[in-house]
Every structure is written in structure tokens, then in C-alpha cells.
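Chemist: Shown below is the structure under consideration.
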Amino acid sequence: CCFPGQSHNHSATKYVPPQVRKAQETLDDKKREELGRLKKMVNGLINRLSEPNLSSISGQMEELYMANSRKDMNETLTDILMNACVTAVAMPARLMMEHVLLVSILHHNVGIEVGAHFLEAVVKKFDELCKSDAEGKECENLLALIAHLYNFHVVHSLLIFDILKKLVSAFTEKEIELILFLLKNVGFSLRKDDALALKELITEAQRKANTAEKKLQDQTRVRFMLETMLALRNNDMRKIPGYDPEPVEKLRKLQRTLVHNSGSGKETQLRVSLESLLSADQVGRWWIVGSSWSGAPMINDTNSKPQQKLHLGKVSSKIMELARKQRMNTDIRRSIFCVLMTSEDFLDAFEKLFKLGLKDQQEREIVHVILYCCLQEKTYNPFYAFLANKFCEYERRFQVTFQFSIWDKIRELENLSAAAISNLVSLLAHLLRTKSLPLSVLKVIEFSELDKPKVRFLRQVLSMLLIKTDAEELSDIFVRISDNPKLGMLREGLKLFLTHFLLKNVQAQKSAEEASLLKERVELATKALQAKEPKLKL
């Protein structure tokens, strides 16, 4: 029989052998030493930070990110920047901008988790200080950091509007000062990004000002805030004292030269709300791709969960076996393949493929798998053509990827089976007929060096296009390539092919009615090709 207290003590403190304890302590000491060294290096770089040496310091910071764990780097950088910028006295605006610009460059070059980690720390600290009665300028400094994170495209205007709404709802002297401070820093950018949301905010502020007039001692500051808001609404910069967009614009130009991928930065902006940031520990950080989370499950429906999983597993095992047979050798390809095989129709497939959330190179796999599956079918399945058409209509980048993929298939026609070539003919004819792809996709074919497979392929594609397309639509398809001087060779090649290869032996191969229609359409296409050709001036 054991005493009542014994079992409790036993479960509370687990016995650790001395050698294991020693190894853990050594490991902790080693880690502490490494972190101390890292902190010293980052601190040295931050202390030397200024506009002229921003390029070299951001480069050295990127190298540190490559050499150390991102978690350690994010925590070290955030701690050092917070200690440097969040002080009881107001920090110089220029210094704040340079510190945030460094975060922005790392956010774009290293990864969005850099900006996300810093932003979350700043917002949580700001929320904590706003609730307390701190007398210093910490709140203004934190708000300046958030404002410049928006100025340098780390965070979306959604967060700024959330903060402004929160400040307007409280509407005390302290909040009015913060509203003025924020509007002076980012007001005109907010107007450009979302004029309607700004207009609604101004209306709400005016309503609050009318109801709170008697409570507030300093009426002049309220009037000044409302005048500032009206100046923003009317796009009148002169009425805002001390407003100077020049320093931010100058640093934005510097940012464009230091960010590796030459985009506007809009795609890396964190579109996250104030509520999401403050409750990140409870609901997870959905804005960071691949972030781990060990909180409580978001859905507690335990009854339906096992059943759903079983159903998915049953479907997946068959499809997965099929995916393996079709040599879908990566997780992304397998996912795309499973979506294609289990979708109800092309619209369902389109939505599900977008929900996979693929980016850049991964996204191109959608096109490759669609084309591969289309060519593997024993008989032509129009599902793939309609799905391809939907992607081409949605975004031009898919059009370009389909064009390159089809070029690859045309180049290796001799290696394709008869069924694959037939499916490719039907797919390409459909994409040309629906104007998903321009006729210039055929420029990859060297008309001067046509071999038998290419002649047969081109004859089938053009015959299908000419016969199955309305006269008006057909004319429009061919006219689109008639005025581009770079496509002169393609036009001449097509005219020659239409008159010599396509109409040759047409009577023997097709019925009199089809032959007559084809002849008529060839004349129409030839005429359309010459419609806007540059005439030779004498």
C-alpha cells in the first residue's frame, strides 16, 4: 500500500538518469551560446543600419538566415528591433522607416514568415500597451512600425482599417492622437487602396465626434482630426501639416532595387485581420504556409470525422493505384490527378484545383497533368478541353503554359501513339476555336521542313477548325494573326498549306458537300490572313 502523496509526486517529476541530464544541460548551454553569438551578430548589423549601407546589411542578414534556423533568426531579429524601436520617447521617423525597410526586404527575399513573425509581435505589443495607461510614446512607435510595414508592402490595408476602426470605437484623447498619427503616415495610400472603406471610416468618426463632444475636453484636436480626414477624402495634401511623402517614396525606390523577384510585392502582402493576429495562438497562423500549430482542433465533430476519412481512403486507394500506374511521381501531380479523376464536371475540377493553393512552378503542373491525361485517354474526352479553356480564360499565365506544353508535344509527334495524336488534334482544335489559344501557337511548325506526321497532324487540326467553326468566328481567328509583322512566315506557310496540302485530294477523301464547305472556308481563311497584311508602298 502506498501513501496518498506518493503517486502524485511520482507522476509530477519523472526520473532522468544523470548522464541524460548532463547531456541535456550541455545541449542547452551550447544552444544558449549559439543564440548569444547570433544575437551579437544581428545586433551589430542593426546598429550600423542606415540607408547607404542597407544593401550590404540586408545581404549579410540573408546569409545569416541561410546559415541559421529561421525560428532563431526571426525571434532574434524581432527582439532586437523591438528593443531598438519601442522606447518611451518618440523615435525619429527616418530611423523607423529604415528598420522596417530591412524587414520588408527580408520578407520578400527570404520568406513571408519573417514579416509575419515581426508583425504579430508588434501588433500584440500594441494591443497590450493600448489597454494599459502607459504614459510614454511606445504606442506611437509601435503604430509607426505597423504603418511602415503597410507602406513597404508587408501587410495589406485590411489590418490598418481594423486598427483605425478599433481606435474610432474607443474615441478618447489618446485614441484621437493615434488616429491622427496613423492617417498622417498612411492616409493617402489608404485612399488609393480602398477609398470606400476610408469613406465609411470618416462617416463613423464624424458620428462618434458628434456624440462624444461634451465628454472630450480638447475639442480642437477632434476638429483637427475631422479636418484631416476630410482633406484625405478630398485628396488635398496641403491641408495636412508636416505631410511629406518624399522619404517613403525614396526608400520604396531603394526597396525595388534590393528585392530579388521583380514584382510589385502585392502577392507577398499579408492579408490578415487584427482579430486573426491577436488570436493566432488559439486558431493558428493560416497566413504562413506550412506553419505548425498544436492548439485545440477547430472542428470538434468527432462523429462524422472517422466516417469521412474512411470514405476518402476508399476512393483514394483506387485512384492512387491508377495514379501510380500513370507515373504520377510527385505529391503535387498525384493531388492534381486525384482531383481530375474524382471531379463531377470541369467546373468542379477547376474549383478543386484552385483550392490546392499551388504557386508558380507547382501551378504549371496542373497544365502538364491535364495534357498528359487527355492524351492517355483511349477515345477523346472533351472534359479536358473545357477545363483547359476555363484555365486559359481565367489567367494569361495558363495560356502561356498550355502553349509551351503543346509545342513540346508537337515537337515529339513521331513518338506519340495514334490515339494520343487524335486526342491532341481535338484538344488543340477546341482551344483554337474558343480563342483560348491564338493561331500563332502553330508557329513552332517549320513549314519548309514538314515531315509526314506533322502534315497529317496539321491537316487534321485545320480541317476540324475550318469545318466546325462559324464563318464569322473563323474569320476573326485568322485575322488576329494578319497584322503582326513577326508572324509573316507563319501566314505564308498557312496559306500554302491550306491551298496545296488541305485541298489536295479533298474530293476523294470527303463527301461533295464537305469538300465544297472546306473549299469555301479555305478561301475565307486565306482572305482573313491577308486582311491586315502590311502593303508595300511604291
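Following the order of the C-alpha cells, chains are lettered A, B, ..., residues in each are numbered from 1, and ligands are numbered from 1.
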Taking 3 positions as the minimum chain separation for residues in the same chain, which residues sit within 9 Å of A:Val441 when counting only C-alpha atoms? Answer as an MDAnalysis selection string.

Modeler: chainID A and resid 403:404 406:407 432 437:438 444:445

Chemist: Using only C-alpha atoms, pick whichever of A:Leu142, A:Leu277, A:Leu466, A:Leu490 has the shortest atom-to-atom distance to A:Asn83.

Modeler: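 Closest to A:Asn83, using only C-alpha atoms: A:Leu142.
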
Chemist: Write out as a list in words each polymer residue whose atoms come within 10 Å of A:Ala144, counting only C-alpha atoms; drop sequence neighbours fewer than 5 positions from it.

Modeler: Cys85, Val86, Ala90, Met91, Ala93, Met96, Met97, Val100, Glu138, Cys139, Leu149, Tyr150, Leu178, Phe181, Leu182, Asn185 and Val186 of chain A

Chemist: Can you pull out every residue within 8 Å of stretch 326-335 of chain A, counting only C-alpha atoms, but drop anything in the same chain fewer than 3 positions away, and send it as a list in words?

Modeler: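 Selected residues are Met320, Leu322, Ala323, Cys338, Val339, Gln362, Glu365, Ile366 and Val369 of chain A.
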
Chemist: Find the residues near stretch 164-166 of chain A: any atom within 12 Å, counting only C-alpha atoms, skip ones fewer than 5 places away on the same chain, and give them as a VMD selection string.

Modeler: chain A and resid 127 130 to 131 143 146 to 147 157 to 159 171 to 172 175 to 183 186 to 187 190 197 to 198 200 to 205 208 229 273 to 275

Chemist: Give me the residues near A:Asp408 as number ranges by chain, where near means some atom within 12 Å (using only C-alpha atoms) and where sequence neighbours in that chain fewer than 4 positions away do not count.

Modeler: A: 368, 371-372, 401-404, 412-416, 424, 441-442, 444-445

Chemist: Using only C-alpha atoms, determine which residues lie at most 10 Å from A:Leu106, disregarding the query and same-chain residues fewer than 3 positions distant; provide the list as number ranges by chain.

Modeler: A: 58-59, 61-62, 65, 100-103, 109-115, 258-259

Chemist: One number please: atom CA of A:Thr469 to atom CA of A:Arg521, in Å, one decimal.

Modeler: 9.4 Å

Chemist: Pick from A:Arg37, A:His430, A:Lys253, A:Arg223: nearest to A:Thr76, with only C-alpha atoms counted?

Modeler: A:Arg37

Chemist: Considering only C-alpha atoms, can you say which of A:Cys374, A:Ala88, A:Val154, A:Ile80 comes closest to A:Ala419?

Modeler: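 Answer, going by the shortest atom-to-atom distance: A:Cys374.
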